[in-house]
Structures are given as structure tokens and as C-alpha cells.
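Next up, run-v8.pdb (PDB, C-alpha atoms):
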```
ATOM      1  CA  MET A   1      28.553 -63.779  65.422
ATOM      2  CA  GLU A   2      26.914 -67.124  64.600
ATOM      3  CA  PHE A   3      23.660 -66.869  62.674
ATOM      4  CA  ASN A   4      20.979 -68.948  64.413
ATOM      5  CA  ILE A   5      18.394 -69.938  61.822
ATOM      6  CA  ASP A   6      16.376 -71.879  64.347
ATOM      7  CA  LYS A   7      16.031 -68.812  66.570
ATOM      8  CA  LEU A   8      14.960 -66.726  63.584
ATOM      9  CA  LEU A   9      12.307 -69.229  62.576
ATOM     10  CA  GLU A  10      11.095 -69.389  66.144
ATOM     11  CA  ASP A  11      10.694 -65.600  66.377
ATOM     12  CA  ALA A  12       9.262 -65.250  62.862
ATOM     13  CA  PRO A  13       5.581 -65.245  63.933
ATOM     14  CA  ASN A  14       6.218 -62.516  66.505
ATOM     15  CA  LEU A  15       8.168 -60.424  63.988
ATOM     16  CA  VAL A  16       5.425 -60.789  61.408
ATOM     17  CA  VAL A  17       2.766 -59.770  63.896
ATOM     18  CA  THR A  18       4.776 -56.814  65.208
ATOM     19  CA  TYR A  19       6.210 -55.351  62.037
ATOM     20  CA  GLY A  20       3.472 -56.604  59.712
ATOM     21  CA  ALA A  21       0.868 -54.530  61.570
ATOM     22  CA  GLN A  22       3.135 -51.458  61.370
ATOM     23  CA  LEU A  23       3.727 -51.984  57.662
ATOM     24  CA  ILE A  24       0.014 -52.380  56.991
ATOM     25  CA  THR A  25      -0.768 -49.281  59.042
ATOM     26  CA  ALA A  26       1.934 -47.308  57.218
ATOM     27  CA  LEU A  27       0.580 -48.489  53.864
ATOM     28  CA  VAL A  28      -2.952 -47.464  54.825
ATOM     29  CA  ILE A  29      -1.704 -44.024  55.953
ATOM     30  CA  PHE A  30       0.179 -43.623  52.678
ATOM     31  CA  ILE A  31      -2.799 -44.585  50.477
ATOM     32  CA  ILE A  32      -5.364 -42.534  52.400
ATOM     33  CA  GLY A  33      -2.992 -39.557  52.649
ATOM     34  CA  LYS A  34      -2.380 -39.642  48.918
ATOM     35  CA  TRP A  35      -6.123 -39.785  48.229
ATOM     36  CA  ILE A  36      -6.860 -36.907  50.606
ATOM     37  CA  ALA A  37      -4.052 -34.803  49.095
ATOM     38  CA  LYS A  38      -5.394 -35.356  45.587
ATOM     39  CA  ALA A  39      -8.986 -34.639  46.643
ATOM     40  CA  ILE A  40      -8.072 -31.373  48.378
ATOM     41  CA  ALA A  41      -5.881 -30.221  45.470
ATOM     42  CA  ASN A  42      -8.616 -31.031  42.929
ATOM     43  CA  ALA A  43     -11.253 -29.222  45.018
ATOM     44  CA  ILE A  44      -9.138 -26.082  45.285
ATOM     45  CA  THR A  45      -8.301 -26.175  41.557
ATOM     46  CA  HIS A  46     -11.973 -26.644  40.657
ATOM     47  CA  ASN A  47     -13.023 -23.775  42.939
ATOM     48  CA  MET A  48     -10.421 -21.438  41.400
ATOM     49  CA  ASN A  49     -11.531 -22.392  37.876
ATOM     50  CA  LYS A  50     -15.152 -21.604  38.807
ATOM     51  CA  LYS A  51     -14.008 -18.112  39.807
ATOM     52  CA  ASN A  52     -12.377 -17.660  36.361
ATOM     53  CA  VAL A  53      -8.850 -17.728  37.755
ATOM     54  CA  ASP A  54      -6.278 -18.325  35.049
ATOM     55  CA  LYS A  55      -5.801 -22.090  34.530
ATOM     56  CA  THR A  56      -2.037 -21.757  34.737
ATOM     57  CA  ILE A  57      -2.329 -20.340  38.253
ATOM     58  CA  SER A  58      -5.015 -22.795  39.408
ATOM     59  CA  ASN A  59      -3.068 -25.823  38.152
ATOM     60  CA  PHE A  60       0.180 -24.574  39.673
ATOM     61  CA  VAL A  61      -1.445 -23.900  43.052
ATOM     62  CA  GLY A  62      -3.138 -27.309  42.929
ATOM     63  CA  ASN A  63       0.168 -29.049  42.248
ATOM     64  CA  ILE A  64       1.893 -27.189  45.087
ATOM     65  CA  ILE A  65      -0.834 -28.161  47.565
ATOM     66  CA  TYR A  66      -0.836 -31.784  46.394
ATOM     67  CA  THR A  67       2.949 -32.054  46.693
ATOM     68  CA  ALA A  68       2.974 -30.592  50.204
ATOM     69  CA  LEU A  69       0.175 -32.861  51.469
ATOM     70  CA  PHE A  70       1.658 -35.924  49.766
ATOM     71  CA  ALA A  71       5.040 -35.259  51.394
ATOM     72  CA  PHE A  72       3.282 -35.006  54.775
ATOM     73  CA  ALA A  73       1.605 -38.394  54.135
ATOM     74  CA  ILE A  74       4.962 -40.012  53.286
ATOM     75  CA  ILE A  75       6.554 -38.655  56.470
ATOM     76  CA  ALA A  76       3.614 -39.911  58.558
ATOM     77  CA  ALA A  77       3.892 -43.377  56.969
ATOM     78  CA  LEU A  78       7.638 -43.564  57.598
ATOM     79  CA  GLY A  79       7.123 -42.542  61.204
ATOM     80  CA  GLN A  80       4.605 -45.351  61.660
ATOM     81  CA  ILE A  81       7.201 -48.020  60.854
ATOM     82  CA  GLY A  82       9.678 -46.544  63.298
ATOM     83  CA  ILE A  83      11.888 -44.450  61.012
ATOM     84  CA  GLU A  84      13.056 -41.222  62.630
ATOM     85  CA  THR A  85      11.365 -38.474  60.608
ATOM     86  CA  ALA A  86      12.723 -35.428  62.439
ATOM     87  CA  SER A  87      15.870 -35.505  60.328
ATOM     88  CA  PHE A  88      13.776 -35.698  57.145
ATOM     89  CA  VAL A  89      11.757 -32.667  58.200
ATOM     90  CA  ALA A  90      14.942 -30.748  59.043
ATOM     91  CA  ILE A  91      16.502 -31.613  55.683
ATOM     92  CA  ILE A  92      13.355 -30.587  53.795
ATOM     93  CA  GLY A  93      13.157 -27.338  55.755
ATOM     94  CA  ALA A  94      16.809 -26.508  55.116
ATOM     95  CA  ALA A  95      16.444 -27.349  51.421
ATOM     96  CA  GLY A  96      13.328 -25.180  51.161
ATOM     97  CA  LEU A  97      15.110 -22.281  52.859
ATOM     98  CA  ALA A  98      18.108 -22.591  50.545
ATOM     99  CA  VAL A  99      15.885 -22.755  47.470
ATOM    100  CA  GLY A 100      13.916 -19.761  48.726
ATOM    101  CA  PHE A 101      17.063 -17.639  49.029
ATOM    102  CA  ALA A 102      18.377 -18.828  45.668
ATOM    103  CA  LEU A 103      15.094 -18.081  43.897
ATOM    104  CA  GLN A 104      14.175 -14.937  45.792
ATOM    105  CA  GLY A 105      13.726 -12.865  42.633
ATOM    106  CA  SER A 106      11.792 -15.604  40.867
ATOM    107  CA  LEU A 107       9.504 -16.114  43.854
ATOM    108  CA  SER A 108       8.829 -12.379  43.952
ATOM    109  CA  ASN A 109       7.929 -12.458  40.266
ATOM    110  CA  PHE A 110       5.716 -15.487  40.857
ATOM    111  CA  ALA A 111       3.870 -13.820  43.740
ATOM    112  CA  SER A 112       3.388 -10.693  41.621
ATOM    113  CA  GLY A 113       2.133 -12.834  38.743
ATOM    114  CA  VAL A 114      -0.443 -14.460  41.022
ATOM    115  CA  LEU A 115      -1.658 -11.017  42.139
ATOM    116  CA  LEU A 116      -1.845  -9.768  38.544
ATOM    117  CA  ILE A 117      -3.939 -12.751  37.499
ATOM    118  CA  LEU A 118      -6.168 -12.705  40.573
ATOM    119  CA  PHE A 119      -6.944  -8.972  40.692
ATOM    120  CA  ARG A 120      -6.675  -8.328  36.919
ATOM    121  CA  PRO A 121      -5.361  -4.722  36.877
ATOM    122  CA  ILE A 122      -4.164  -5.559  33.358
ATOM    123  CA  ARG A 123      -5.473  -8.055  30.826
ATOM    124  CA  SER A 124      -4.479  -9.338  27.442
ATOM    125  CA  GLY A 125      -5.285  -6.676  24.832
ATOM    126  CA  ASP A 126      -5.165  -3.703  27.243
ATOM    127  CA  PHE A 127      -3.105  -0.659  26.358
ATOM    128  CA  VAL A 128      -1.163   0.245  29.503
ATOM    129  CA  GLU A 129       1.783   2.108  30.924
ATOM    130  CA  ALA A 130       3.699  -0.018  33.433
ATOM    131  CA  ALA A 131       7.303  -0.373  34.599
ATOM    132  CA  GLY A 132       8.287   2.631  32.470
ATOM    133  CA  GLU A 133       6.971   1.069  29.246
ATOM    134  CA  ALA A 134       3.808   1.632  27.184
ATOM    135  CA  GLY A 135       2.148  -0.902  24.920
ATOM    136  CA  VAL A 136      -0.540  -3.529  24.460
ATOM    137  CA  ILE A 137      -0.484  -6.497  26.857
ATOM    138  CA  ASP A 138       0.051  -9.714  24.932
ATOM    139  CA  GLU A 139       0.211 -12.192  27.814
ATOM    140  CA  VAL A 140       0.338 -12.120  31.613
ATOM    141  CA  GLY A 141       2.475 -15.090  32.650
ATOM    142  CA  ILE A 142       3.510 -16.609  35.947
ATOM    143  CA  PHE A 143       6.877 -14.856  36.139
ATOM    144  CA  SER A 144       6.757 -12.161  33.446
ATOM    145  CA  THR A 145       4.384 -10.153  31.274
ATOM    146  CA  THR A 146       4.761  -9.752  27.514
ATOM    147  CA  MET A 147       3.945  -6.371  26.000
ATOM    148  CA  LYS A 148       3.942  -5.170  22.375
ATOM    149  CA  THR A 149       4.733  -1.550  21.569
ATOM    150  CA  GLY A 150       3.163   0.494  18.795
ATOM    151  CA  ASP A 151       6.104  -0.215  16.485
ATOM    152  CA  ASN A 152       5.713  -3.981  17.120
ATOM    153  CA  LYS A 153       8.577  -4.426  19.555
ATOM    154  CA  VAL A 154       8.101  -7.164  22.149
ATOM    155  CA  ILE A 155       8.980  -6.232  25.734
ATOM    156  CA  ILE A 156       9.164  -8.884  28.469
ATOM    157  CA  ILE A 157       8.777  -7.326  31.903
ATOM    158  CA  PRO A 158       9.275  -9.162  35.243
ATOM    159  CA  ASN A 159       5.986  -9.161  37.124
ATOM    160  CA  SER A 160       7.559  -7.701  40.265
ATOM    161  CA  ASN A 161       8.522  -4.576  38.283
ATOM    162  CA  ILE A 162       4.897  -4.110  37.236
ATOM    163  CA  MET A 163       3.425  -4.625  40.703
ATOM    164  CA  GLY A 164       6.142  -2.462  42.269
ATOM    165  CA  GLY A 165       5.101   0.697  40.390
ATOM    166  CA  ASN A 166       2.121   2.607  39.067
ATOM    167  CA  ILE A 167      -0.056   0.983  36.406
ATOM    168  CA  THR A 168      -1.987   3.188  33.995
ATOM    169  CA  ASN A 169      -4.596   1.158  32.126
ATOM    170  CA  TYR A 170      -6.091   3.077  29.204
ATOM    171  CA  SER A 171      -8.408   0.235  28.169
ATOM    172  CA  MET A 172     -10.123  -0.602  31.450
ATOM    173  CA  GLU A 173     -12.976   1.888  31.018
ATOM    174  CA  ALA A 174     -15.348   1.841  28.044
ATOM    175  CA  THR A 175     -14.924   5.552  27.287
ATOM    176  CA  ARG A 176     -12.078   8.079  27.290
ATOM    177  CA  ARG A 177     -11.831  11.845  27.069
ATOM    178  CA  ILE A 178      -9.701  13.501  24.403
ATOM    179  CA  ASP A 179      -7.895  16.578  25.732
ATOM    180  CA  LEU A 180      -6.894  19.063  23.043
ATOM    181  CA  MET A 181      -5.331  22.490  23.486
ATOM    182  CA  VAL A 182      -5.956  24.740  20.460
ATOM    183  CA  GLY A 183      -4.320  28.160  20.295
ATOM    184  CA  ILE A 184      -5.411  31.109  18.126
ATOM    185  CA  GLY A 185      -3.813  34.519  17.610
ATOM    186  CA  TYR A 186      -4.887  37.515  19.640
ATOM    187  CA  ASP A 187      -6.083  39.183  16.453
ATOM    188  CA  ALA A 188      -8.423  36.262  15.617
ATOM    189  CA  ASP A 189     -12.167  36.270  16.311
ATOM    190  CA  ILE A 190     -12.717  34.199  19.467
ATOM    191  CA  ARG A 191     -16.450  33.658  18.834
ATOM    192  CA  LYS A 192     -15.830  32.527  15.278
ATOM    193  CA  ALA A 193     -13.085  30.148  16.397
ATOM    194  CA  LYS A 194     -15.378  28.649  19.038
ATOM    195  CA  GLN A 195     -18.178  28.268  16.498
ATOM    196  CA  VAL A 196     -15.846  26.459  14.082
ATOM    197  CA  LEU A 197     -14.685  24.109  16.843
ATOM    198  CA  GLU A 198     -18.304  23.317  17.756
ATOM    199  CA  GLU A 199     -19.130  22.538  14.101
ATOM    200  CA  ILE A 200     -16.131  20.219  13.829
ATOM    201  CA  ILE A 201     -17.141  18.372  17.005
ATOM    202  CA  ASN A 202     -20.791  18.059  15.937
ATOM    203  CA  ASN A 203     -19.790  16.615  12.550
ATOM    204  CA  GLU A 204     -17.654  13.866  14.090
ATOM    205  CA  SER A 205     -19.886  10.798  14.512
ATOM    206  CA  ARG A 206     -17.512   8.978  16.876
ATOM    207  CA  ILE A 207     -17.824  11.662  19.560
ATOM    208  CA  LEU A 208     -20.344  10.779  22.274
ATOM    209  CA  LYS A 209     -23.218  13.093  23.173
ATOM    210  CA  ASP A 210     -22.993  12.180  26.839
ATOM    211  CA  PRO A 211     -20.899  13.366  28.645
ATOM    212  CA  ALA A 212     -21.145  16.746  26.970
ATOM    213  CA  VAL A 213     -18.178  18.222  25.115
ATOM    214  CA  THR A 214     -16.272  21.063  26.755
ATOM    215  CA  ILE A 215     -15.079  23.910  24.488
ATOM    216  CA  ALA A 216     -13.843  26.942  26.400
ATOM    217  CA  VAL A 217     -11.088  29.544  26.604
ATOM    218  CA  ALA A 218      -8.600  28.079  29.071
ATOM    219  CA  GLU A 219      -5.672  30.493  28.960
ATOM    220  CA  LEU A 220      -4.538  33.874  27.710
ATOM    221  CA  ALA A 221      -0.983  32.858  26.969
ATOM    222  CA  ASP A 222       1.999  34.970  25.898
ATOM    223  CA  SER A 223       1.327  34.680  22.179
ATOM    224  CA  SER A 224      -2.016  32.919  21.870
ATOM    225  CA  VAL A 225      -5.531  32.508  23.206
ATOM    226  CA  ASN A 226      -5.829  28.824  24.118
ATOM    227  CA  PHE A 227      -9.026  26.805  23.857
ATOM    228  CA  VAL A 228      -9.564  23.462  25.569
ATOM    229  CA  VAL A 229     -11.528  20.951  23.504
ATOM    230  CA  ARG A 230     -12.597  17.892  25.523
ATOM    231  CA  PRO A 231     -14.873  15.402  23.735
ATOM    232  CA  TRP A 232     -15.622  11.859  24.947
ATOM    233  CA  VAL A 233     -15.285   8.790  22.727
ATOM    234  CA  ASN A 234     -15.270   5.017  23.053
ATOM    235  CA  SER A 235     -11.844   3.792  24.146
ATOM    236  CA  GLU A 236     -11.135   2.005  20.854
ATOM    237  CA  ASP A 237     -11.855   5.247  18.938
ATOM    238  CA  TYR A 238      -9.503   7.434  20.988
ATOM    239  CA  TRP A 239      -6.447   7.656  18.733
ATOM    240  CA  PRO A 240      -8.191   7.702  15.320
ATOM    241  CA  THR A 241     -10.576  10.427  16.500
ATOM    242  CA  LYS A 242      -7.818  12.521  18.070
ATOM    243  CA  PHE A 243      -5.626  12.404  14.954
ATOM    244  CA  GLU A 244      -8.532  13.286  12.658
ATOM    245  CA  LEU A 245      -9.687  16.150  14.888
ATOM    246  CA  LEU A 246      -6.239  17.730  14.864
ATOM    247  CA  GLU A 247      -6.055  17.569  11.075
ATOM    248  CA  THR A 248      -9.598  18.862  10.612
ATOM    249  CA  ILE A 249      -9.070  21.776  13.010
ATOM    250  CA  LYS A 250      -5.930  22.896  11.149
ATOM    251  CA  LEU A 251      -7.594  22.682   7.726
ATOM    252  CA  ARG A 252     -10.748  24.495   8.853
ATOM    253  CA  PHE A 253      -8.814  27.244  10.615
ATOM    254  CA  ASP A 254      -6.751  27.808   7.470
ATOM    255  CA  ARG A 255      -9.909  27.980   5.375
ATOM    256  CA  GLU A 256     -11.641  30.356   7.815
ATOM    257  CA  GLY A 257      -8.590  32.607   8.130
ATOM    258  CA  ILE A 258      -8.067  31.852  11.829
ATOM    259  CA  SER A 259      -4.378  32.019  12.643
ATOM    260  CA  ILE A 260      -2.624  29.456  14.810
ATOM    261  CA  PRO A 261       0.414  31.229  16.276
ATOM    262  CA  PHE A 262       3.813  29.628  16.625
ATOM    263  CA  PRO A 263       6.812  30.718  18.725
ATOM    264  CA  GLN A 264       8.771  33.592  17.207
ATOM    265  CA  MET A 265      11.766  35.600  18.292
ATOM    266  CA  ASP A 266      12.716  39.115  17.232
ATOM    267  CA  VAL A 267      16.466  39.772  17.176
ATOM    268  CA  HIS A 268      17.678  43.379  17.318
ATOM    269  CA  LEU A 269      21.289  44.106  16.304
ATOM    270  CA  GLN A 270      23.009  47.160  17.734
ATOM    271  CA  GLN A 271      26.142  48.497  16.114
TER     272      GLN A 271
END
```
Kindly transcribe the structure held in the file into C-alpha cells.
Amino acid sequence: MEFNIDKLLEDAPNLVVTYGAQLITALVIFIIGKWIAKAIANAITHNMNKKNVDKTISNFVGNIIYTALFAFAIIAALGQIGIETASFVAIIGAAGLAVGFALQGSLSNFASGVLLILFRPIRSGDFVEAAGEAGVIDEVGIFSTTMKTGDNKVIIIPNSNIMGGNITNYSMEATRRIDLMVGIGYDADIRKAKQVLEEIINNESRILKDPAVTIAVAELADSSVNFVVRPWVNSEDYWPTKFELLETIKLRFDREGISIPFPQMDVHLQQ
């Protein structure tokens, strides 16, 4: 085919008018779309930060929204200059579906991480039981949560495992109740034992006056009379107070001659 330069020069003004206007319009759509996408993403990020949402979550959500709106602006600009965008949309949709299936577990962990950060059932520094593990929460991340056990082991738990089960948070409330079961022998003086327990509780400064302490006979067991001792303490004093109470009760009972029975078995031999 012979290239006619004269014809091209003759049609140049019409081509410039026709396609130049489309290019300018597409450029305007692209610039305005990009600005709107950035403004909306920044507004949502700022609003989430004002509500004390974790910055990792707010920034991630802002980036996702910006990317989605920016991609929409690009598609709209391409459509303005006559490029068929249906195929682009189909390719993006198919790619998103494939990525969604490939990252199904990761997306589940991400969604669980967002819920953990938004609703705060656990926080850094809380002592919790979750996903079959117990320890102090070190960090709640996007995909996993880091926990430290009492013997300083680090456990990394996928967030979906935490949200998929029960969560017991021992640090959420300011106070906790210590539940002790103290057994004495049937030959021991019940009133004296109760008086000794009351003295021990009254001498412990970390025990709160309100709610009141419960000291009562709870059970007449096979080999012992069992008292329940239920004082309230601040959550951070729970374990030190419990350990010291157990030691003090044993030492005082020994000094007062109050026996603490232990399981025994009598074996009779017949010849």
C-alpha cells in the first residue's frame, strides 16, 4: 500500500481535533481520578486514626482503597480514548479471583487480624488463653499474633485460629478473684481453722475489702472438710498473692496443729 504523505498532512487538523480532544479528556479524567482516589483514601485513613485504630490497619486499608479507585480512574481514561476496557476488567477480575483462591488462608488471617485490632478482645501485654495456648500477648499483627509463655517461649499463632475459638482474657478487668480450696481433717476444729483463714486474709494488704472475701465450708469430702477461700485482688497481684496465701496457710496450719489430709490407702493382706 502506497503511503500518501499529502493525504496525511491534509487530514492532520481533523485528526488533531478528534483525537486531541479525547486525549485531553482522558488526561483530565486520569488526573482528577487520581486526586479523588488519594483524597478519599487519606480521609478514611485519618478517620480510622482518630478512632485509635492501629496504624498498620489504617494504612493498609487506605492503600487498598487508593489502589482500587486509581485502577478505576485508569480504566475510565483508557475507555475515553477508545480502548476496549471490558477485556481489562475481565482480566483483573480473573486475576483477583485466582489470587483470592491462592491466598485463601492468608486472607482469612488478614480478616481475623482486622477484627482483632478493631474490636480489641486482646491487647499487647494481656495474659490470655487462645488457640489452645496461654501466655502474654506481645504483638497483634495483620496475619498473626505473637505470644510469650511464662517460660519465655515465643508462640506465633495465625489470627484465624484465635478468632475461630474461645478467648479467655485474664487482664481485661481490673480485678480478679482468687479461688482456693483448703481441706482440713475431720478431727480438726472447724471454727479454729476458719478463724486462722480469716486472720491470714486480713493480714494480706493486697486483698481488696470490696468485694468481700468468702470463707465457708464448701464440701464434706471423703477424707477432708473443704473450705473455699475467695478473696479479690488487682489483676496484676493475682499470682503473687495466690502463691503467698498457699504458703502462709500451710505454715499457719502446721503451727496451729490443724491437719491437712492427703490421700491414703490401707492394704490388707490375707493369707
Expected residue set, 10 Å radius at (-9.9, 8.1, 26.4), all atoms listed in the file, as an MDAnalysis selection string:
chainID A and resid 170:171 173:179 231:239 242
Could those selected residues go to a file with C-alpha atoms, as an mmCIF file, in the coordinates of the input?
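Done, and the output landed in out_25.cif:
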```
data_model
loop_
_atom_site.group_PDB
_atom_site.id
_atom_site.type_symbol
_atom_site.label_atom_id
_atom_site.label_comp_id
_atom_site.auth_asym_id
_atom_site.auth_seq_id
_atom_site.Cartn_x
_atom_site.Cartn_y
_atom_site.Cartn_z
ATOM 1 C CA TYR A 170 -6.091 3.077 29.204
ATOM 2 C CA SER A 171 -8.408 0.235 28.169
ATOM 3 C CA GLU A 173 -12.976 1.888 31.018
ATOM 4 C CA ALA A 174 -15.348 1.841 28.044
ATOM 5 C CA THR A 175 -14.924 5.552 27.287
ATOM 6 C CA ARG A 176 -12.078 8.079 27.290
ATOM 7 C CA ARG A 177 -11.831 11.845 27.069
ATOM 8 C CA ILE A 178 -9.701 13.501 24.403
ATOM 9 C CA ASP A 179 -7.895 16.578 25.732
ATOM 10 C CA PRO A 231 -14.873 15.402 23.735
ATOM 11 C CA TRP A 232 -15.622 11.859 24.947
ATOM 12 C CA VAL A 233 -15.285 8.790 22.727
ATOM 13 C CA ASN A 234 -15.270 5.017 23.053
ATOM 14 C CA SER A 235 -11.844 3.792 24.146
ATOM 15 C CA GLU A 236 -11.135 2.005 20.854
ATOM 16 C CA ASP A 237 -11.855 5.247 18.938
ATOM 17 C CA TYR A 238 -9.503 7.434 20.988
ATOM 18 C CA TRP A 239 -6.447 7.656 18.733
ATOM 19 C CA LYS A 242 -7.818 12.521 18.070
#
```
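This file, queried with the PyMOL selection byres ((chain A and resi 220) around 12), gives the residues A:Val182, A:Gly183, A:Ile184, A:Gly185, A:Tyr186, A:Ile190, A:Ala216, A:Val217, A:Ala218, A:Glu219, A:Ala221, A:Asp222, A:Ser223, A:Ser224, A:Val225, A:Asn226, A:Phe227, A:Val228.
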Taking only C-alpha atoms into account, which of A:Asn59, A:Ile32, A:His268, A:Ala193 comes nearest Lys250 (chain A)?
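Ranking A:Asn59, A:Ile32, A:His268, A:Ala193 by distance to Lys250 (chain A), first place goes to A:Ala193.
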CA of Asn47 (chain A) to CA of Ala73 (chain A), straight-line distance in Å
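Straight-line distance from CA of Ala73 (chain A) to CA of Asn47 (chain A) works out to 23.5 Å.
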Give me, please, the distance in Å between CA of Thr146 (chain A) and CA of Glu129 (chain A), quoted to one decimal.
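That distance, rounded to one decimal, is 12.7 Å.
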Please check which residues have atoms at most 12 Å from (0.2, -16.7, 37.1) in the file's coordinates, counting all atoms listed in the file, and write them as a count of residues only.
32
Please indicate the distance in Å from CA of Ala212 (chain A) to CA of Met181 (chain A), rounded to one decimal place.
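Pair CA of Ala212 (chain A) / CA of Met181 (chain A) returns 17.2 Å.
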Please enumerate the residues selected by the PyMOL selection byres ((chain A and resi 71) around 12) when evaluated against the supplied file, formatted as JSON, numbers by chain.
{"A": [29, 30, 33, 34, 37, 38, 64, 65, 66, 67, 68, 69, 70, 72, 73, 74, 75, 76, 77, 78, 85, 88, 89, 92]}
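Taking all atoms listed in the file into account, Thr168 (chain A) lies nearest to A:Val136 out of the set A:Val136, A:Ala26, A:Val196, A:Ile260.
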Rank nothing, just name the residue among A:Arg255, A:Arg230, A:Asp189, A:Ala43 nearest to Asp210 (chain A), using all atoms listed in the file.
A:Arg230
Assuming 5 Å of padding per side, give the centre and edge lengths of the axis-aligned box around every listed atom of region 108-126 of chain A, in Å to one decimal and as lines of an AutoDock Vina configuration file.
```
center_x = 0.9
center_y = -9.6
center_z = 34.4
size_x = 25.8
size_y = 21.8
size_z = 29.1
```
Under the rule that only C-alpha atoms are counted, which of A:Leu180, A:Ile40, A:Leu23, A:Val128 is the nearest residue to Gly79 (chain A)?
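So, comparing all the options, the nearest one is A:Leu23.
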Using all atoms listed in the file, which of the listed residues (A:Ile31, A:Ala134, A:Ile36, A:Ile258) sits closest to Lys153 (chain A)?
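Ranked by minimum distance to Lys153 (chain A), first place goes to A:Ala134.
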Find the residue from A:Asn169, A:Val213, A:Pro121, A:Asn161 that sits nearest to Gly135 (chain A); use only C-alpha atoms when measuring.
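Once distances to Gly135 (chain A) are computed over only C-alpha atoms, the minimum belongs to A:Asn169.
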